[in-house]
>>> print(open('data_4.txt').read())   # compact mmCIF, C-alpha atoms
# COMPACT_ATOMS: atom_id res chain seq x y z
CA MET A 1012 -12.46 11.66 6.28
CA ARG A 1013 -11.54 9.65 3.21
CA HIS A 1014 -8.45 8.83 1.21
CA PHE A 1015 -7.84 11.40 -1.53
CA GLY A 1016 -10.39 13.61 0.22
CA HIS A 1017 -8.00 16.54 -0.20
CA ILE A 1018 -8.50 16.29 -3.98
CA PRO A 1019 -11.48 18.27 -5.40
CA PRO A 1020 -14.55 16.08 -6.06
CA ALA A 1021 -14.45 16.80 -9.79
CA SER A 1022 -10.90 15.46 -9.96
CA ARG A 1023 -11.81 12.33 -8.02
CA VAL A 1024 -14.59 11.59 -10.50
CA GLY A 1025 -12.01 11.54 -13.28
CA LEU A 1026 -9.71 9.17 -11.38
CA PHE A 1027 -11.93 6.60 -9.73
CA HIS A 1028 -14.20 3.88 -11.04
CA ARG A 1029 -15.31 3.57 -7.41
CA GLU A 1030 -14.32 6.32 -4.96
CA PRO A 1031 -12.83 5.63 -1.51
CA CYS A 1032 -15.44 5.42 1.24
CA GLU A 1033 -15.83 7.96 4.02
CA PHE A 1034 -14.94 6.88 7.55
CA THR A 1035 -14.54 8.33 11.04
CA GLY A 1036 -12.78 7.34 14.22
CA GLU A 1037 -15.97 5.51 15.18
CA SER A 1038 -16.02 3.30 12.06
CA PRO A 1039 -15.70 -0.49 12.45
CA ALA A 1040 -12.23 -1.72 13.33
CA ARG A 1041 -11.89 -3.69 10.08
CA VAL A 1042 -12.41 -0.46 8.10
CA LEU A 1043 -9.96 1.56 10.19
CA ALA A 1044 -7.29 -1.16 10.07
CA ALA A 1045 -7.42 -1.19 6.27
CA ALA A 1046 -7.66 2.60 6.05
CA LEU A 1047 -4.55 3.49 8.10
CA GLY A 1048 -2.51 3.92 4.93
CA ALA A 1049 0.68 5.93 5.38
CA THR A 1050 0.83 6.48 9.14
CA LEU A 1051 2.93 9.60 9.64
CA TYR A 1052 5.06 9.80 12.79
CA SER A 1053 5.84 13.13 14.45
CA PRO A 1054 7.83 13.84 17.63
CA ALA A 1055 5.52 15.10 20.39
CA THR A 1056 8.05 17.84 21.14
CA ARG A 1057 7.15 19.92 18.06
CA PRO A 1058 6.19 23.41 19.29
CA ARG A 1059 3.46 23.85 16.63
CA LEU A 1060 2.19 20.30 16.74
CA ALA A 1061 -1.49 21.26 16.44
CA ASP A 1062 -0.79 23.28 13.30
CA ASP A 1063 1.35 20.46 11.91
CA VAL A 1064 -1.49 17.97 12.34
CA LEU A 1065 -3.98 20.18 10.52
CA LYS A 1066 -1.46 20.86 7.75
CA GLN A 1067 -1.08 17.14 7.13
CA VAL A 1068 -4.86 16.74 6.78
CA GLY A 1069 -4.60 19.05 3.79
CA ARG A 1070 -1.95 16.75 2.31
CA GLY A 1071 -4.10 13.63 2.49
CA VAL A 1072 -2.80 12.13 5.76
CA VAL A 1073 -5.47 10.07 7.54
CA SER A 1074 -3.43 8.59 10.42
CA MET A 1075 -0.67 10.03 12.59
CA VAL A 1076 1.40 8.88 15.55
CA LEU A 1077 2.57 11.51 18.04
CA CYS A 1078 5.72 9.98 19.46
CA LEU A 1079 6.98 10.02 23.05
CA GLU A 1080 9.45 7.18 22.48
CA ASP A 1081 12.53 6.79 20.27
CA SER A 1082 12.05 10.01 18.29
CA ILE A 1083 12.79 12.15 21.37
CA ASP A 1084 15.62 12.28 23.88
CA ASP A 1085 15.13 10.60 27.26
CA ALA A 1086 15.46 13.99 28.97
CA GLU A 1087 12.61 15.43 26.87
CA VAL A 1088 9.83 13.07 27.93
CA GLU A 1089 8.23 15.23 30.62
CA GLY A 1090 8.23 18.31 28.40
CA ALA A 1091 6.94 16.30 25.45
CA GLU A 1092 4.01 15.03 27.50
CA GLU A 1093 3.14 18.56 28.57
CA ASN A 1094 3.38 19.79 24.99
CA LEU A 1095 1.23 16.90 23.75
CA VAL A 1096 -1.53 17.64 26.28
CA ARG A 1097 -1.42 21.36 25.46
CA GLN A 1098 -1.44 20.88 21.68
CA LEU A 1099 -4.26 18.31 21.68
CA GLY A 1100 -6.25 20.64 23.91
CA ASP A 1101 -5.71 23.38 21.30
CA LEU A 1102 -6.87 21.04 18.52
CA HIS A 1103 -9.97 20.09 20.50
CA ARG A 1104 -10.91 23.75 21.06
CA ARG A 1105 -10.56 24.50 17.35
CA GLY A 1106 -13.01 21.74 16.49
CA ALA A 1107 -11.22 21.06 13.19
CA GLU A 1108 -11.11 17.70 11.44
CA THR A 1109 -8.08 15.65 12.46
CA PRO A 1110 -6.60 12.37 11.22
CA LEU A 1111 -6.79 9.22 13.29
CA LEU A 1112 -4.40 10.16 16.11
CA PHE A 1113 -2.32 7.73 18.16
CA VAL A 1114 0.30 8.34 20.85
CA ARG A 1115 3.42 6.21 21.00
CA VAL A 1116 4.25 5.77 24.67
CA ARG A 1117 7.27 4.36 26.48
CA GLU A 1118 5.69 2.79 29.55
CA PRO A 1119 2.21 1.43 30.39
CA ALA A 1120 1.60 4.03 33.12
CA GLN A 1121 1.69 6.81 30.54
CA ILE A 1122 -1.55 5.61 28.95
CA PRO A 1123 -4.01 6.22 31.82
CA ASP A 1124 -2.03 9.28 32.92
CA LEU A 1125 -2.29 10.95 29.50
CA VAL A 1126 -5.98 10.09 29.16
CA ARG A 1127 -6.63 11.67 32.55
CA ARG A 1128 -4.63 14.81 31.74
CA LEU A 1129 -6.25 15.23 28.33
CA GLY A 1130 -9.79 15.23 29.71
CA THR A 1131 -12.31 16.00 26.96
CA ALA A 1132 -9.49 16.49 24.44
CA GLY A 1133 -8.89 12.75 24.77
CA ARG A 1134 -11.78 12.34 22.32
CA LEU A 1135 -9.28 13.11 19.58
CA LEU A 1136 -7.29 9.97 20.33
CA SER A 1137 -7.94 6.73 18.47
CA GLY A 1138 -5.43 4.84 20.60
CA PHE A 1139 -1.82 4.13 21.51
CA VAL A 1140 1.25 2.61 19.87
CA LEU A 1141 2.99 0.09 22.12
CA PRO A 1142 6.77 -0.28 21.63
CA LYS A 1143 9.07 -3.31 22.03
CA PHE A 1144 6.00 -5.53 22.23
CA THR A 1145 6.28 -9.04 23.65
CA GLU A 1146 3.79 -11.14 25.61
CA GLU A 1147 5.21 -10.03 28.96
CA ARG A 1148 5.52 -6.33 28.14
CA GLY A 1149 2.35 -6.33 26.10
CA ALA A 1150 0.15 -7.58 28.92
CA ALA A 1151 0.96 -4.54 31.06
CA PHE A 1152 0.38 -2.14 28.16
CA LEU A 1153 -2.96 -3.70 27.21
CA GLU A 1154 -4.19 -3.78 30.79
CA ALA A 1155 -3.34 -0.07 31.07
CA LEU A 1156 -5.20 0.58 27.81
CA THR A 1157 -8.26 -1.28 29.08
CA SER A 1158 -8.22 0.77 32.29
CA ALA A 1159 -7.88 4.04 30.36
CA GLU A 1160 -10.70 3.04 28.03
CA ALA A 1161 -13.01 2.45 30.98
CA THR A 1162 -12.07 5.82 32.47
CA SER A 1163 -12.56 7.74 29.25
CA GLY A 1164 -15.75 5.96 28.26
CA ARG A 1165 -14.67 5.66 24.64
CA ARG A 1166 -13.02 3.06 22.43
CA LEU A 1167 -9.22 3.05 22.34
CA PHE A 1168 -7.16 0.88 20.01
CA ALA A 1169 -3.67 -0.54 20.42
CA MET A 1170 -1.04 -0.84 17.72
CA PRO A 1171 1.79 -3.03 19.09
CA VAL A 1172 5.21 -2.58 17.48
CA LEU A 1173 7.04 -5.86 16.89
CA GLU A 1174 10.70 -4.89 17.23
CA SER A 1175 12.21 -6.72 20.19
CA PRO A 1176 15.51 -8.66 19.99
CA GLU A 1177 13.68 -11.79 21.17
CA LEU A 1178 11.63 -11.67 17.96
CA LEU A 1179 14.69 -11.12 15.80
CA HIS A 1180 16.97 -13.81 17.26
CA LEU A 1181 16.36 -17.21 15.72
CA GLU A 1182 16.61 -19.20 18.98
CA THR A 1183 13.79 -17.19 20.64
CA ARG A 1184 11.66 -16.19 17.64
CA ALA A 1185 9.15 -19.03 17.60
CA GLU A 1186 8.49 -18.81 21.34
CA THR A 1187 8.19 -15.02 21.16
CA LEU A 1188 5.77 -15.15 18.23
CA THR A 1189 3.66 -17.73 20.03
CA GLY A 1190 3.52 -15.53 23.12
CA ILE A 1191 2.62 -12.42 21.11
CA GLY A 1192 -0.10 -14.43 19.41
CA ARG A 1193 -1.58 -15.40 22.77
CA ILE A 1194 -1.73 -11.87 24.16
CA VAL A 1195 -3.05 -10.14 21.02
CA ASP A 1196 -5.71 -12.82 20.64
CA LYS A 1197 -6.80 -12.24 24.24
CA TYR A 1198 -7.22 -8.51 23.51
CA ARG A 1199 -8.27 -8.98 19.87
CA ASP A 1200 -11.06 -6.38 19.99
CA ARG A 1201 -8.53 -3.68 20.92
CA ILE A 1202 -5.75 -4.57 18.44
CA LEU A 1203 -6.14 -2.39 15.35
CA ALA A 1204 -2.92 -3.43 13.60
CA LEU A 1205 0.54 -4.83 14.27
CA ARG A 1206 3.47 -2.64 13.21
CA LEU A 1207 6.98 -3.81 12.28
CA GLY A 1208 10.01 -2.06 13.80
CA VAL A 1209 12.56 -2.86 11.13
CA THR A 1210 14.97 -0.11 12.22
CA ASP A 1211 15.40 -1.87 15.57
CA PHE A 1212 15.90 -5.21 13.79
CA CYS A 1213 18.72 -3.73 11.72
CA SER A 1214 20.21 -2.04 14.77
CA ALA A 1215 20.71 -5.39 16.52
CA TYR A 1216 23.23 -6.33 13.82
CA GLY A 1217 24.66 -2.89 13.06
CA LEU A 1218 22.88 -2.78 9.70
CA ARG A 1219 21.23 0.01 7.74
CA ARG A 1220 19.78 -0.48 4.27
CA SER A 1221 20.71 2.04 1.59
CA PRO A 1222 18.09 3.94 -0.47
CA ASP A 1223 18.70 1.43 -3.27
CA MET A 1224 17.63 -1.50 -1.11
CA THR A 1225 14.32 -2.54 0.40
CA ALA A 1226 13.75 -4.26 3.72
CA TYR A 1227 13.32 -7.46 1.74
CA ASP A 1228 16.91 -7.24 0.45
CA VAL A 1229 18.17 -7.54 4.04
CA GLN A 1230 17.78 -11.27 4.57
CA ILE A 1231 17.68 -11.20 8.38
CA VAL A 1232 14.84 -8.67 8.25
CA ALA A 1233 13.01 -10.42 5.42
CA GLY A 1234 13.05 -13.64 7.41
CA VAL A 1235 11.41 -11.96 10.42
CA ILE A 1236 8.75 -10.30 8.25
CA GLY A 1237 7.92 -13.64 6.68
CA ASP A 1238 7.63 -15.36 10.06
CA VAL A 1239 5.46 -12.58 11.52
CA VAL A 1240 3.04 -12.79 8.59
CA ASN A 1241 3.10 -16.59 8.80
CA ALA A 1242 2.14 -16.60 12.47
CA LEU A 1243 0.01 -13.46 12.82
CA GLY A 1244 -1.23 -12.46 9.37
CA ARG A 1245 -3.27 -15.46 8.28
CA SER A 1246 -6.48 -14.97 6.29
CA ASP A 1247 -8.44 -17.66 8.16
CA GLY A 1248 -9.93 -15.25 10.69
CA THR A 1249 -7.11 -15.61 13.23
CA GLY A 1250 -4.80 -13.01 11.68
CA PHE A 1251 -4.30 -9.27 12.10
CA THR A 1252 -3.51 -6.37 9.80
CA ILE A 1253 0.28 -6.00 9.67
CA THR A 1254 1.73 -2.73 8.41
CA GLY A 1255 4.86 -2.15 6.34
CA PRO A 1256 8.19 -0.96 7.79
CA VAL A 1257 9.42 2.61 7.81
CA TRP A 1258 11.30 4.11 4.86
CA GLU A 1259 14.09 6.30 6.25
CA TYR A 1260 15.16 8.40 3.26
CA PHE A 1261 13.84 11.73 2.03
CA ARG A 1262 14.94 15.02 0.52
CA LEU A 1263 14.34 18.30 2.31
CA GLY A 1264 12.03 20.93 0.88
CA GLU A 1265 8.32 21.62 0.82
CA ARG A 1266 7.97 20.94 -2.90
CA MET A 1267 9.92 17.82 -3.54
CA PHE A 1268 8.85 17.43 -7.18
CA LYS A 1269 9.42 19.77 -10.08
CA PRO A 1270 6.74 22.49 -10.29
CA GLN A 1271 5.95 21.66 -13.91
CA LEU A 1272 4.70 18.23 -12.84
CA ARG A 1273 1.72 19.96 -11.23
CA ARG A 1274 0.44 21.27 -14.54
CA SER A 1275 -2.34 19.63 -16.48
CA PRO A 1276 -3.38 18.02 -18.72
CA PHE A 1277 -1.35 14.91 -17.96
CA THR A 1278 0.91 13.74 -20.78
CA GLU A 1279 3.30 10.86 -21.34
CA GLN A 1280 6.16 13.33 -21.15
CA ARG A 1281 4.99 14.37 -17.69
CA ALA A 1282 4.91 10.69 -16.70
CA ASP A 1283 8.56 10.33 -17.70
CA GLU A 1284 9.42 13.54 -15.81
CA LEU A 1285 7.68 12.24 -12.70
CA ARG A 1286 9.44 8.89 -12.81
CA THR A 1287 12.78 10.69 -13.11
CA ALA A 1288 11.88 12.99 -10.21
CA LEU A 1289 10.91 10.03 -8.03
CA ILE A 1290 14.25 8.35 -8.64
CA GLU A 1291 16.17 11.60 -8.07
CA HIS A 1292 14.46 12.04 -4.72
CA ASP A 1293 15.38 8.58 -3.44
CA LEU A 1294 11.84 7.25 -3.80
CA ASP A 1295 12.52 4.51 -6.33
CA GLY A 1296 13.41 2.18 -3.45
CA LEU A 1297 10.31 3.27 -1.54
CA LEU A 1298 8.05 2.41 -4.47
CA ARG A 1299 9.59 -1.04 -4.80
CA GLU A 1300 9.27 -1.64 -1.06
CA ILE A 1301 5.57 -0.66 -1.06
CA GLU A 1302 4.90 -3.18 -3.81
CA LEU A 1303 6.85 -5.84 -1.91
CA ASP A 1304 4.93 -5.00 1.28
CA ARG A 1305 1.66 -5.83 -0.41
CA ALA A 1306 3.07 -8.92 -2.13
CA ASN A 1307 4.11 -10.19 1.32
CA GLY A 1308 0.75 -9.58 2.99
CA LEU A 1309 1.34 -6.15 4.58
CA LEU A 1310 -1.06 -3.19 4.33
CA GLY A 1311 -0.20 0.42 5.11
CA LYS A 1312 3.22 1.75 6.07
CA THR A 1313 5.04 3.65 8.79
CA CYS A 1314 6.23 7.02 7.44
CA ILE A 1315 8.55 9.65 8.90
CA HIS A 1316 8.24 12.28 6.15
CA PRO A 1317 5.17 13.81 4.44
CA SER A 1318 6.68 13.18 1.00
CA HIS A 1319 6.14 9.43 1.51
CA VAL A 1320 2.39 9.67 2.08
CA LEU A 1321 1.15 10.16 -1.47
CA PRO A 1322 3.23 7.34 -2.98
CA VAL A 1323 1.94 4.92 -0.33
CA HIS A 1324 -1.67 5.93 -0.95
CA ALA A 1325 -1.39 6.01 -4.73
CA LEU A 1326 0.01 2.48 -4.77
CA SER A 1327 -2.73 1.31 -2.38
CA VAL A 1328 -5.56 2.16 -4.80
CA VAL A 1329 -7.00 -1.00 -6.34
CA SER A 1330 -6.56 -1.16 -10.11
CA HIS A 1331 -9.56 -1.74 -12.32
CA GLU A 1332 -8.07 -5.09 -13.33
CA GLU A 1333 -7.63 -6.26 -9.71
CA PHE A 1334 -11.18 -5.18 -8.91
CA SER A 1335 -12.57 -7.03 -11.91
CA ASP A 1336 -10.76 -10.23 -10.95
CA ALA A 1337 -11.85 -9.99 -7.29
CA GLN A 1338 -15.49 -9.46 -8.22
CA ASP A 1339 -15.46 -12.40 -10.62
CA ILE A 1340 -13.92 -14.71 -8.01
CA LEU A 1341 -16.48 -13.74 -5.34
CA ARG A 1342 -19.61 -14.00 -7.45
CA PRO A 1343 -22.21 -16.09 -5.55
CA GLU A 1344 -22.55 -18.54 -8.40
CA ARG A 1345 -18.82 -19.30 -8.07
CA GLY A 1346 -19.25 -20.62 -4.52
CA GLY A 1347 -18.56 -24.16 -5.60
CA GLY A 1348 -15.14 -23.34 -7.00
CA GLY A 1349 -13.81 -23.76 -10.49
CA VAL A 1350 -11.47 -21.83 -12.74
CA MET A 1351 -12.05 -19.10 -15.33
CA ARG A 1352 -10.18 -16.78 -17.62
CA SER A 1353 -10.01 -13.21 -16.28
CA ALA A 1354 -12.06 -10.48 -17.92
CA TYR A 1355 -8.72 -8.98 -19.02
CA THR A 1356 -7.93 -12.34 -20.71
CA ASN A 1357 -4.38 -12.37 -19.32
CA LYS A 1358 -4.57 -14.74 -16.35
CA MET A 1359 -6.35 -17.63 -14.68
CA ASN A 1360 -8.69 -16.94 -11.75
CA GLU A 1361 -9.13 -20.06 -9.61
CA VAL A 1362 -12.03 -19.46 -7.24
CA LYS A 1363 -11.07 -21.37 -4.08
CA PRO A 1364 -7.31 -20.58 -3.91
CA HIS A 1365 -7.84 -16.91 -4.87
CA ARG A 1366 -10.85 -16.25 -2.61
CA ALA A 1367 -8.87 -14.85 0.35
CA TRP A 1368 -6.92 -12.57 -2.00
CA ALA A 1369 -10.17 -11.34 -3.55
CA GLU A 1370 -11.70 -10.58 -0.14
CA ARG A 1371 -8.63 -8.59 0.91
CA THR A 1372 -8.64 -6.75 -2.42
CA LEU A 1373 -12.26 -5.66 -2.01
CA GLN A 1374 -11.51 -4.54 1.55
CA ARG A 1375 -8.69 -2.35 0.18
CA ALA A 1376 -10.99 -1.13 -2.60
CA GLU A 1377 -13.52 0.02 0.00
CA VAL A 1378 -11.09 2.41 1.69
CA PHE A 1379 -8.69 3.36 -1.12
CA GLY A 1380 -11.06 3.17 -4.06
CA VAL A 1381 -10.82 1.58 -7.49
CA ALA A 1382 -9.02 3.43 -10.27
CA LYS A 1383 -10.63 3.90 -13.66
CA GLU A 1384 -9.46 1.52 -16.33
CA ASP A 1385 -6.99 3.98 -17.87
CA VAL A 1386 -5.77 5.49 -14.57
CA GLY A 1387 -2.56 4.31 -12.93
CA PHE A 1388 -0.15 5.23 -10.16
CA VAL A 1389 1.32 8.26 -11.95
CA GLU A 1390 -2.06 9.91 -12.52
CA LEU A 1391 -3.09 9.33 -8.92
CA LEU A 1392 0.18 10.73 -7.62
CA THR A 1393 0.15 13.85 -9.80
CA ALA A 1394 -3.48 14.56 -8.87
CA GLY A 1395 -2.57 14.38 -5.20
CA MET A 1396 0.43 16.67 -5.66
CA ALA A 1397 -1.61 19.28 -7.55
CA THR A 1398 -3.66 20.25 -4.48
>>> encode(input="data_4.txt", output="C-alpha cells")
Amino acid sequence: MRHFGHIPPASRVGLFHREPCEFTGESPARVLAAALGATLYSPATRPRLADDVLKQVGRGVVSMVLCLEDSIDDAEVEGAEENLVRQLGDLHRRGAETPLLFVRVREPAQIPDLVRRLGTAGRLLSGFVLPKFTEERGAAFLEALTSAEATSGRRLFAMPVLESPELLHLETRAETLTGIGRIVDKYRDRILALRLGVTDFCSAYGLRRSPDMTAYDVQIVAGVIGDVVNALGRSDGTGFTITGPVWEYFRLGERMFKPQLRRSPFTEQRADELRTALIEHDLDGLLREIELDRANGLLGKTCIHPSHVLPVHALSVVSHEEFSDAQDILRPERGGGGVMRSAYTNKMNEVKPHRAWAERTLQRAEVFGVAKEDVGFVELLTAGMAT
C-alpha cells in the first residue's frame, strides 16, 4: 500500500516531485508509525464491516481501528467480538488488500482471546489500541500483547491512548507521565504510536469544542498536549510518534463536496469553490487543527468519518520548499553547523537547531511524498476526490 495509491499513476506523476513510498504491515516500525496518517475508527458492530474496510481502501485509507470500546454499548461487546471475528475471517478468505488494521479493546484478556479466535485471520491484524492507558493499566495490556504475539508467531504493535483523568489533572499529571514513560520505554519495540484521547479530557470538565475551535483553543487540553509532547515526543531518540486528536464534526452524505469540483483541469475558480465547500462542511476548523497538530509535534490523526481522511493526508504531504530546506540542512558537508539562506531565499536555515526538524520532515516525505513546486493542498485534495 501507499498514500495516494488510490489515485491513478499518471495523476500521481503530475502531483509529486517524489512519490510516497510503498509499505506493508511488515515494514519497519519507524515507517509504519509515520505512515499511519488519518486512522479511521469504525465500531466493530457494523454488519458489513468487511465490505466497509475494503471500501475505505479505495478512498485512500491506510490505517483503521475496529473498536470494541467507547463506540459501542456495554451490552454489545460479546456480539461485537463475534462479528469482528466473523468479518476478519471473511476478509482473510477474500485475500484482498487491507489497510493496517488494529482492534481497540476494553480489557487485557481480550487481546489473547481474540488472537486465538481469529486463527489464521489474525494475520490481518497489525496490533491493538489500548484505552485509558497509565503505567498500572498499561502493564497488563502490554503483557497480554506480548503473550498473544508469542502465540500468533507474528509481530503485533500497541497504540496506547492517553486519556485518563490522572493525566489530565494537574496534581497527578507529572507522576502519571513519568509512569507512562517508564512502561512504554520498557516495551519500546512494541509501541507504534501514542494516541491522544481529547474527547475524554473534555468530558472530565463538561467541555466540548465547537466546529470553529481547535483542541488548541481549549486551554486545559492544549496544556496536556504540550506536556505529553514534552515528556514523550522528544527528538533525541527517547520519544515516540504522537498522533493528533479526533475531529468530531462532519456532514452526512457520500459526496460531501460539490460535483463540479471533481472536474478538470484545475482552475483558480475551482480552488475558491473548494475552499468555500470546505468551510460549509465544517472542515475549516479541521484544517487549522491539522496544521496546529504538526506545529506542536504530532503526526497523523484519529478520524471518525471518511470525509476527514483526504484533508489529513493532503496536508501531510511535504511541500517542495520544506523538502528543499530539509535536504540543504542535512547535507554531509553541513555536519559542522552554520547558517545559510534557503534556496527559496525567504528564510534562514540554521543547521544544528533545525536538524531534528529536517530529519522528521524527510521521514514524512518518505511516506507521504513531496509535492511538485507548483502543487499545493488544494490540488492534492481535488485529485484524491476525483477517484
>>> closest_atom_pairs(input="data_4.txt", of="region 1043-1104 of chain A", to="region 1372-1393 of chain A", cutoff="10 Å", atoms="only C-alpha atoms", output="tab-separated table")
residue	atom	partner	partner_atom	distance
A:Leu1043	CA	A:Val1378	CA	8.6
A:Ala1044	CA	A:Val1378	CA	9.9
A:Ala1045	CA	A:Arg1375	CA	6.3
A:Ala1046	CA	A:Val1378	CA	5.6
A:Leu1047	CA	A:Val1378	CA	9.2
A:Gly1048	CA	A:Phe1379	CA	8.7
>>> residues_near_point(input="data_4.txt", point="(-14.0, 6.6, -0.4)", cutoff="6 Å", atoms="all atoms listed in the file", output="compact mmCIF listing (two decimals) with C-alpha atoms, in the frame of the given file")
# COMPACT_ATOMS: atom_id res chain seq x y z
CA ARG A 1013 -11.54 9.65 3.21
CA GLU A 1030 -14.32 6.32 -4.96
CA PRO A 1031 -12.83 5.63 -1.51
CA CYS A 1032 -15.44 5.42 1.24
CA GLU A 1033 -15.83 7.96 4.02
CA VAL A 1378 -11.09 2.41 1.69
CA GLY A 1380 -11.06 3.17 -4.06
>>> residues_around(input="data_4.txt", residues="region 1244-1259 of chain A", least_positions_apart="2", cutoff="8 Å", atoms="all atoms listed in the file", output="list in words")
Ala1044, Ala1045, Leu1203, Ala1204, Leu1205, Arg1206, Leu1207, Gly1208, Val1209, Thr1210, Ala1226, Val1239, Val1240, Asn1241, Ala1242, Phe1261, Leu1297, Ile1301, Asp1304, Gly1308, Leu1309, Leu1310, Gly1311, Lys1312, Thr1313, Cys1314, Ile1315 and Ala1367 of chain A
>>> axis_aligned_box(input="data_4.txt", around="region 1137-1145 of chain A", padding_each_side="4 Å", output="AutoDock Vina command-line options")
--center_x 0.6 --center_y -1.2 --center_z 21.1 --size_x 25.0 --size_y 23.8 --size_z 13.2
>>> residues_around(input="data_4.txt", residues="region 1179-1190 of chain A", least_positions_apart="2", cutoff="7 Å", atoms="only C-alpha atoms", output="count of residues only")
11
>>> atom_distance(input="data_4.txt", atom1="CA of Leu1112 (chain A)", atom2="CA of Leu1136 (chain A)")
5.1 Å
>>> closest_residue(input="data_4.txt", among="A:Pro1020, A:Pro1119, A:Pro1110, A:Gly1071", to="Pro1322 (chain A)", atoms="all atoms listed in the file")
A:Gly1071
>>> residues_around(input="data_4.txt", residues="region 1342-1355 of chain A", least_positions_apart="5", cutoff="10 Å", atoms="all atoms listed in the file", output="VMD selection string")
chain A and resid 1331 to 1333 1335 to 1337 1360 to 1366
>>> atom_distance(input="data_4.txt", atom1="CA of Ala1132 (chain A)", atom2="CA of Ala1159 (chain A)")
13.9 Å
>>> atom_distance(input="data_4.txt", atom1="CA of Thr1035 (chain A)", atom2="CA of Glu1108 (chain A)")
10.0 Å
